[in-house]
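Asks: What follows is target-v3.txt, compact mmCIF, C-alpha atoms and all ligand atoms.
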```
# COMPACT_ATOMS: atom_id res chain seq x y z
CA MET P 1 27.51 -13.91 -6.15
CA ARG P 2 28.17 -10.84 -4.05
CA ALA P 3 30.27 -12.88 -1.62
CA LEU P 4 32.27 -14.33 -4.46
CA LEU P 5 33.01 -10.95 -5.93
CA PHE P 6 34.01 -9.55 -2.57
CA SER P 7 36.46 -12.37 -2.09
CA LEU P 8 38.30 -11.62 -5.31
CA ALA P 9 42.02 -11.86 -4.85
CA CYS P 10 43.99 -9.10 -6.51
CA PHE P 11 47.67 -9.11 -7.34
CA LEU P 12 49.19 -5.97 -8.78
CA SER P 13 52.43 -5.52 -10.58
CA PHE P 14 53.49 -2.05 -11.60
CA GLY P 15 56.04 -1.24 -14.27
CA THR P 16 57.30 2.29 -14.85
CA ASN P 17 53.91 3.54 -15.95
CA ALA P 18 52.44 0.30 -17.25
CA GLN P 19 50.19 -1.78 -15.06
CA LEU P 20 49.18 -5.41 -15.12
CA ASP P 21 46.48 -6.56 -12.72
CA PHE P 22 45.14 -10.01 -11.92
CA THR P 23 41.73 -10.80 -10.45
CA LYS P 24 40.81 -14.33 -9.45
CA ILE P 25 37.17 -15.04 -10.31
CA SER P 26 37.02 -18.81 -9.75
CA ASP P 27 39.41 -21.57 -8.67
CA SER P 28 40.78 -21.88 -12.17
CA SER P 29 39.94 -18.51 -13.74
CA VAL P 30 41.91 -15.29 -13.46
CA VAL P 31 41.19 -12.04 -15.29
CA PHE P 32 44.26 -10.11 -16.44
CA THR P 33 43.96 -6.38 -17.02
CA THR P 34 46.14 -3.88 -18.87
CA TYR P 35 45.51 -0.21 -19.56
CA GLN P 36 45.59 2.22 -22.48
CA VAL P 37 44.52 5.79 -23.08
CA TYR P 38 41.70 6.17 -25.62
CA LYS P 39 40.42 9.70 -26.44
CA ASP P 40 42.21 11.13 -23.36
CA VAL P 41 40.61 8.63 -20.96
CA ARG P 42 42.55 5.74 -19.42
CA TYR P 43 40.66 2.46 -19.87
CA SER P 44 41.23 -0.97 -18.44
CA SER P 45 41.07 -3.91 -20.82
CA HIS P 46 40.40 -7.47 -19.69
CA GLY P 47 41.35 -10.93 -20.88
CA LEU P 48 40.91 -14.28 -19.17
CA LEU P 49 43.38 -16.92 -18.08
CA LYS P 50 41.87 -20.38 -17.66
CA ILE P 51 44.13 -22.72 -15.76
CA THR P 52 43.68 -26.26 -17.09
CA SER P 53 45.44 -29.37 -15.78
CA GLY P 54 47.87 -29.21 -18.72
CA GLY P 55 48.52 -25.48 -19.13
CA VAL P 56 46.89 -22.08 -19.49
CA VAL P 57 44.32 -20.91 -22.04
CA MET P 58 44.39 -17.15 -22.70
CA ILE P 59 41.29 -15.43 -24.03
CA ASP P 60 42.34 -12.17 -25.76
CA THR P 61 45.79 -10.59 -25.50
CA PRO P 62 46.92 -7.59 -23.45
CA TRP P 63 46.05 -4.23 -25.03
CA ASP P 64 49.21 -2.67 -23.60
CA THR P 65 51.97 -3.97 -25.88
CA THR P 66 54.60 -3.60 -23.13
CA GLN P 67 52.81 -6.30 -21.10
CA PHE P 68 53.04 -9.32 -23.45
CA GLN P 69 56.14 -10.76 -21.76
CA PRO P 70 55.34 -9.59 -18.19
CA LEU P 71 52.06 -11.48 -18.54
CA LEU P 72 53.88 -14.69 -19.52
CA ASP P 73 56.34 -14.19 -16.65
CA SER P 74 53.52 -13.67 -14.15
CA ILE P 75 51.70 -16.79 -15.40
CA ASP P 76 54.88 -18.80 -14.98
CA ARG P 77 55.39 -17.43 -11.45
CA MET P 78 51.79 -17.82 -10.30
CA PHE P 79 50.77 -21.12 -11.87
CA HIS P 80 54.04 -22.79 -12.94
CA LYS P 81 52.35 -23.63 -16.22
CA LYS P 82 52.88 -22.74 -19.85
CA VAL P 83 50.34 -20.95 -22.03
CA LEU P 84 48.92 -23.48 -24.50
CA MET P 85 46.75 -21.24 -26.62
CA VAL P 86 45.46 -17.71 -27.14
CA LEU P 87 42.03 -17.03 -28.64
CA SER P 88 40.99 -13.53 -29.81
CA THR P 89 37.30 -12.58 -29.66
CA HIS P 90 37.36 -9.93 -32.40
CA TRP P 91 39.81 -8.20 -34.69
CA HIS P 92 40.48 -4.94 -32.76
CA GLU P 93 43.89 -4.30 -31.19
CA ASP P 94 42.72 -4.68 -27.60
CA ARG P 95 42.04 -8.36 -28.41
CA THR P 96 44.71 -9.16 -31.01
CA ALA P 97 47.76 -6.95 -30.33
CA GLY P 98 49.80 -9.83 -28.89
CA LEU P 99 49.00 -12.55 -31.44
CA ASP P 100 52.30 -12.33 -33.34
CA TYR P 101 54.29 -12.08 -30.11
CA TYR P 102 52.68 -15.19 -28.64
CA LYS P 103 52.87 -17.12 -31.91
CA ASN P 104 56.62 -16.45 -31.96
CA LYS P 105 56.81 -17.85 -28.42
CA GLY P 106 55.40 -21.14 -29.73
CA ILE P 107 51.88 -20.58 -28.39
CA LYS P 108 48.99 -21.63 -30.63
CA THR P 109 46.91 -18.60 -31.63
CA TYR P 110 43.25 -18.88 -32.66
CA SER P 111 40.42 -16.74 -33.99
CA THR P 112 37.46 -17.28 -36.28
CA TYR P 113 38.19 -17.24 -39.98
CA THR P 114 36.20 -13.98 -40.27
CA THR P 115 38.29 -12.34 -37.56
CA LYS P 116 41.51 -13.41 -39.24
CA ASN P 117 40.38 -11.85 -42.52
CA LEU P 118 39.45 -8.59 -40.80
CA CYS P 119 42.84 -8.55 -39.06
CA LYS P 120 44.51 -9.04 -42.44
CA GLU P 121 42.48 -6.25 -44.08
CA ASN P 122 43.33 -3.88 -41.25
CA HIS P 123 47.01 -4.87 -41.02
CA PHE P 124 46.68 -6.20 -37.48
CA PRO P 125 48.39 -9.32 -36.10
CA GLN P 126 46.55 -12.50 -37.12
CA ALA P 127 45.92 -15.83 -35.46
CA GLU P 128 47.72 -18.82 -36.90
CA TYR P 129 44.74 -21.19 -36.57
CA THR P 130 41.12 -20.47 -37.44
CA PHE P 131 37.74 -22.07 -36.80
CA GLU P 132 34.35 -21.45 -38.35
CA GLY P 133 31.01 -21.33 -36.59
CA ASP P 134 30.38 -21.89 -32.89
CA THR P 135 33.08 -24.24 -31.68
CA THR P 136 33.68 -26.33 -28.55
CA PHE P 137 37.26 -26.69 -27.35
CA THR P 138 38.38 -29.40 -24.93
CA ILE P 139 41.76 -28.54 -23.44
CA TYR P 140 42.84 -31.19 -20.92
CA ASN P 141 40.17 -31.06 -18.16
CA THR P 142 38.53 -27.86 -19.42
CA VAL P 143 35.72 -27.45 -21.91
CA PHE P 144 34.66 -24.12 -23.36
CA GLU P 145 32.64 -22.95 -26.31
CA THR P 146 32.66 -19.96 -28.60
CA PHE P 147 29.38 -18.35 -29.63
CA TYR P 148 28.61 -15.73 -32.25
CA PRO P 149 25.56 -13.80 -31.01
CA GLY P 150 25.38 -11.55 -34.09
CA ALA P 151 27.02 -8.25 -34.99
CA GLY P 152 27.37 -5.57 -32.32
CA HIS P 153 30.64 -3.89 -31.39
CA THR P 154 32.04 -5.37 -34.62
CA SER P 155 30.67 -7.73 -37.26
CA ASP P 156 32.88 -10.58 -36.00
CA ASN P 157 32.57 -10.32 -32.20
CA ILE P 158 32.28 -13.69 -30.48
CA VAL P 159 31.95 -14.60 -26.80
CA VAL P 160 33.50 -17.54 -24.92
CA TYR P 161 31.56 -19.57 -22.35
CA PHE P 162 32.97 -21.90 -19.70
CA PRO P 163 29.98 -24.08 -18.70
CA LYS P 164 31.57 -25.67 -15.61
CA ASP P 165 32.02 -22.42 -13.69
CA LYS P 166 29.44 -20.48 -15.75
CA ILE P 167 31.83 -17.74 -16.77
CA LEU P 168 31.18 -15.78 -19.95
CA VAL P 169 33.91 -13.74 -21.61
CA GLY P 170 31.88 -11.06 -23.40
CA GLY P 171 34.79 -9.15 -24.93
CA CYS P 172 33.89 -5.72 -26.30
CA PHE P 173 30.44 -6.95 -27.31
CA ILE P 174 29.53 -6.60 -23.63
CA LYS P 175 29.77 -3.25 -21.83
CA SER P 176 30.55 -2.96 -18.14
CA VAL P 177 27.92 -1.61 -15.73
CA GLU P 178 30.34 1.28 -15.41
CA ALA P 179 30.10 2.18 -19.13
CA GLU P 180 27.90 5.17 -19.89
CA ASP P 181 27.70 4.48 -23.62
CA LEU P 182 28.61 1.85 -26.19
CA GLY P 183 32.17 3.16 -26.59
CA ASN P 184 34.06 2.90 -29.89
CA LEU P 185 31.38 2.62 -32.58
CA SER P 186 33.61 2.91 -35.64
CA ASP P 187 32.92 -0.69 -36.69
CA ALA P 188 29.68 -1.27 -34.78
CA ASN P 189 26.34 -2.51 -36.05
CA ILE P 190 23.84 -0.45 -34.07
CA GLY P 191 20.80 -2.04 -35.71
CA MET P 192 21.82 -5.57 -34.80
CA TRP P 193 23.46 -5.06 -31.39
CA PRO P 194 20.28 -5.11 -29.24
CA ILE P 195 18.99 -8.25 -30.98
CA ALA P 196 22.37 -9.95 -30.61
CA VAL P 197 22.50 -9.17 -26.86
CA LYS P 198 19.02 -10.65 -26.43
CA THR P 199 20.18 -13.78 -28.27
CA LEU P 200 23.16 -14.05 -25.92
CA ILE P 201 21.05 -13.59 -22.76
CA LYS P 202 18.73 -16.39 -23.94
CA LYS P 203 21.62 -18.66 -24.83
CA TYR P 204 23.23 -18.70 -21.36
CA PRO P 205 20.51 -18.36 -18.70
CA LYS P 206 22.72 -19.96 -16.03
CA VAL P 207 25.70 -17.62 -16.43
CA LYS P 208 27.16 -16.33 -13.14
CA ILE P 209 30.01 -14.02 -14.10
CA VAL P 210 30.26 -11.95 -17.26
CA ILE P 211 33.57 -10.36 -18.15
CA PRO P 212 33.17 -7.23 -20.28
CA GLY P 213 36.03 -6.06 -22.50
CA HIS P 214 36.68 -3.00 -20.37
CA GLN P 215 36.00 -1.40 -16.99
CA LYS P 216 34.40 -2.89 -13.88
CA ILE P 217 33.45 -6.58 -13.62
CA ASP P 218 30.27 -7.03 -11.60
CA GLY P 219 28.53 -10.42 -11.68
CA LYS P 220 26.32 -10.76 -14.72
CA SER P 221 24.73 -7.31 -14.64
CA ALA P 222 26.77 -6.27 -17.70
CA LEU P 223 24.40 -8.26 -19.94
CA LYS P 224 21.28 -6.25 -19.09
CA HIS P 225 23.26 -3.03 -18.98
CA THR P 226 24.57 -3.65 -22.50
CA LEU P 227 21.04 -4.36 -23.72
CA LYS P 228 19.86 -1.08 -22.17
CA LEU P 229 22.69 0.93 -23.78
CA ALA P 230 22.24 -0.76 -27.16
CA LYS P 231 18.47 -0.16 -27.18
CA LYS P 232 18.93 3.46 -26.10
CA HIS P 233 21.48 4.11 -28.82
CA TYR P 234 19.34 2.39 -31.47
CA LYS P 235 16.26 4.46 -30.52
CA GLY P 236 18.30 7.67 -30.43
CA ARG P 237 19.62 6.98 -33.91
CA LYS P 238 16.12 6.27 -35.25
CA GLN P 239 14.87 9.57 -33.83
CA ASP P 240 17.81 11.42 -35.39
CA LYS P 241 16.95 9.89 -38.77
CA LYS P 242 13.29 10.93 -38.41
CA LYS P 243 14.35 14.50 -37.58
CA ALA P 244 16.64 14.56 -40.60
CA LYS P 245 13.71 13.60 -42.87
CA HIS P 246 11.48 16.52 -41.73
ZN ZN V 1 37.56 -3.22 -26.83
```
What would you get if you wrote out this structure as structure tokens?
Ligand SMILES: [Zn+2]
Replies:
Amino acid sequence: MRALLFSLACFLSFGTNAQLDFTKISDSSVVFTTYQVYKDVRYSSHGLLKITSGGVVMIDTPWDTTQFQPLLDSIDRMFHKKVLMVLSTHWHEDRTAGLDYYKNKGIKTYSTYTTKNLCKENHFPQAEYTFEGDTTFTIYNTVFETFYPGAGHTSDNIVVYFPKDKILVGGCFIKSVEAEDLGNLSDANIGMWPIAVKTLIKKYPKVKIVIPGHQKIDGKSALKHTLKLAKKHYKGRKQDKKKAKH
């Protein structure tokens, strides 16, 4: 694993102040990263490009809205393939911002039915196509599955697993080893998050690379780190409640 991560190929393309990075994590998988400032701190935000024999599958859209087209241009340049579909893993902007843009480019956009409804309620771009429950997609030579581990970062957060190369896109449900806390909790379910992470760890024991929504990608250590953060936060909240009662 260590060797693989050290051999990551990085391509950078800088705009005026925008940045779009690419990190190859397997023969057919490339993470794309854009950046935004949240509460005065600049955060990276990751999505995945899966290169199938017939085109590219994009998991989550860029967070930086200036990078929708540069991403398509880079994909065209690097892989000489079109994007076939985009799938968003929850309703927040860092996953869905580009859905309308890509739909207008003729790309099929997907999310769960629950995510689409939450996007609608919150006036965010929505996917054109929806699915319900854990779903397996077969796109040319590539198979992947979506899994809902339970509520955590949001009530609708799903993950995407590619069984052939054992890559798990955790989205914002999974925190990077670099994260010191659970991040934006405005729509989080603190009570369920630790249980949901345990469910996810059990579901994919063979996973090799886990891609968190933000910050550093480091093998699969993000899973245990997320569980630690979620448990710590849950305990802290319980203690606060106890104190409030006395
Ligand atoms: Zn996020």
Asks: Produce a table with one row for each residue of chain P that has an atom at most 9 Å from any atom of ligand ZN 1 (chain V), each row naming the nearest atom pair and its distance in Å at one decimal; use only C-alpha atoms and all ligand atoms; arrange rows by chain and rising residue number; format as a tab-separated table.
Replies:
```
residue	atom	partner	partner_atom	distance
P:Ser45	CA	V:ZN1	ZN	7.0
P:His46	CA	V:ZN1	ZN	8.8
P:Trp63	CA	V:ZN1	ZN	8.7
P:His90	CA	V:ZN1	ZN	8.7
P:His92	CA	V:ZN1	ZN	6.8
P:Glu93	CA	V:ZN1	ZN	7.8
P:Asp94	CA	V:ZN1	ZN	5.4
P:Arg95	CA	V:ZN1	ZN	7.0
P:His153	CA	V:ZN1	ZN	8.3
P:Gly171	CA	V:ZN1	ZN	6.8
P:Cys172	CA	V:ZN1	ZN	4.5
P:Phe173	CA	V:ZN1	ZN	8.1
P:Gly183	CA	V:ZN1	ZN	8.4
P:Asn184	CA	V:ZN1	ZN	7.7
P:Pro212	CA	V:ZN1	ZN	8.8
P:Gly213	CA	V:ZN1	ZN	5.4
P:His214	CA	V:ZN1	ZN	6.5
```
Asks: Out of P:Asp218, P:Asp64, P:Glu178, P:Asp76, which residue has the shortest atom-to-atom distance to P:Val37 when counting all atoms listed in the file?
Replies: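 Nearest to P:Val37: P:Asp64.
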Asks: Between P:Val159, P:Ser176, P:Asn117, P:Lys206, single out the one closest to P:Tyr129, counting all atoms listed in the file.
Replies: P:Asn117
Asks: Counting all atoms listed in the file, figure out which residue out of P:Tyr148, P:Phe137, P:Gln36, P:Thr89 gets nearest to P:Lys116.
Replies: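 Of all the options, P:Thr89 lies closest to P:Lys116.
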Asks: Mind pulling up the distance from atom CA of P:Leu118 to atom CA of P:Gly191?
Replies: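 Computed distance, atom CA of P:Gly191 to atom CA of P:Leu118, equals 20.4 Å.
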Asks: Counting only C-alpha atoms, which residues sit no farther than 9 Å from the position (22.7, -7.0, -19.0) in the file's frame? I'd like them as JSON, numbers by chain.
Replies: {"P": [174, 175, 176, 177, 197, 201, 220, 221, 222, 223, 224, 225, 226, 227, 228]}
Asks: The selected residues should be written to file as a compact mmCIF listing (two decimals), in the frame of the given file (atoms: C-alpha atoms).
Replies:
```txt
# COMPACT_ATOMS: atom_id res chain seq x y z
CA ILE P 174 29.53 -6.60 -23.63
CA LYS P 175 29.77 -3.25 -21.83
CA SER P 176 30.55 -2.96 -18.14
CA VAL P 177 27.92 -1.61 -15.73
CA VAL P 197 22.50 -9.17 -26.86
CA ILE P 201 21.05 -13.59 -22.76
CA LYS P 220 26.32 -10.76 -14.72
CA SER P 221 24.73 -7.31 -14.64
CA ALA P 222 26.77 -6.27 -17.70
CA LEU P 223 24.40 -8.26 -19.94
CA LYS P 224 21.28 -6.25 -19.09
CA HIS P 225 23.26 -3.03 -18.98
CA THR P 226 24.57 -3.65 -22.50
CA LEU P 227 21.04 -4.36 -23.72
CA LYS P 228 19.86 -1.08 -22.17
```
Asks: Need the shell around P:Phe79: protein/DNA/RNA residues with any atom at most 10 Å away, counting only C-alpha atoms. Skip same-chain ones fewer than 4 positions apart. Format as a list in words?
Replies: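 Contacts, in chain order: Ile51, Gly55, Val56, Ser74 and Ile75 of chain P.
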Asks: Dump C-alpha atoms for the selected residues as a CSV table (one decimal), in the coordinates of the input?
Replies:
```csv
chain,number,residue,atom,x,y,z
P,51,ILE,CA,44.1,-22.7,-15.8
P,55,GLY,CA,48.5,-25.5,-19.1
P,56,VAL,CA,46.9,-22.1,-19.5
P,74,SER,CA,53.5,-13.7,-14.2
P,75,ILE,CA,51.7,-16.8,-15.4
```
Asks: Which neighbours of P:Thr136 fall inside 8 Å, counting all atoms listed in the file, when residues of the same chain fewer than 4 positions from it are skipped, and could you give them as a list in words?
Replies: Val143, Phe144, Glu145 and Thr146 of chain P
Asks: Can you pull out the residues contacting P:Met192? Cut-off 10 Å, using all atoms listed in the file, and skip same-chain residues under 2 positions away; I want them as a PyMOL selection string.
Replies: chain P and resi 149-153+155+188-190+194-197+230-231+234
Asks: Do you have the atom CA of P:Leu185-atom CA of P:Trp91 distance handy?
Replies: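 Between atom CA of P:Leu185 and atom CA of P:Trp91 the gap works out to 13.9 Å.
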Asks: I'd like the interatomic distance between atom CA of P:Asp134 and atom CA of P:Ser28, to a tenth of an Å.
Replies: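 Calculated distance between atom CA of P:Asp134 and atom CA of P:Ser28 is 23.2 Å.
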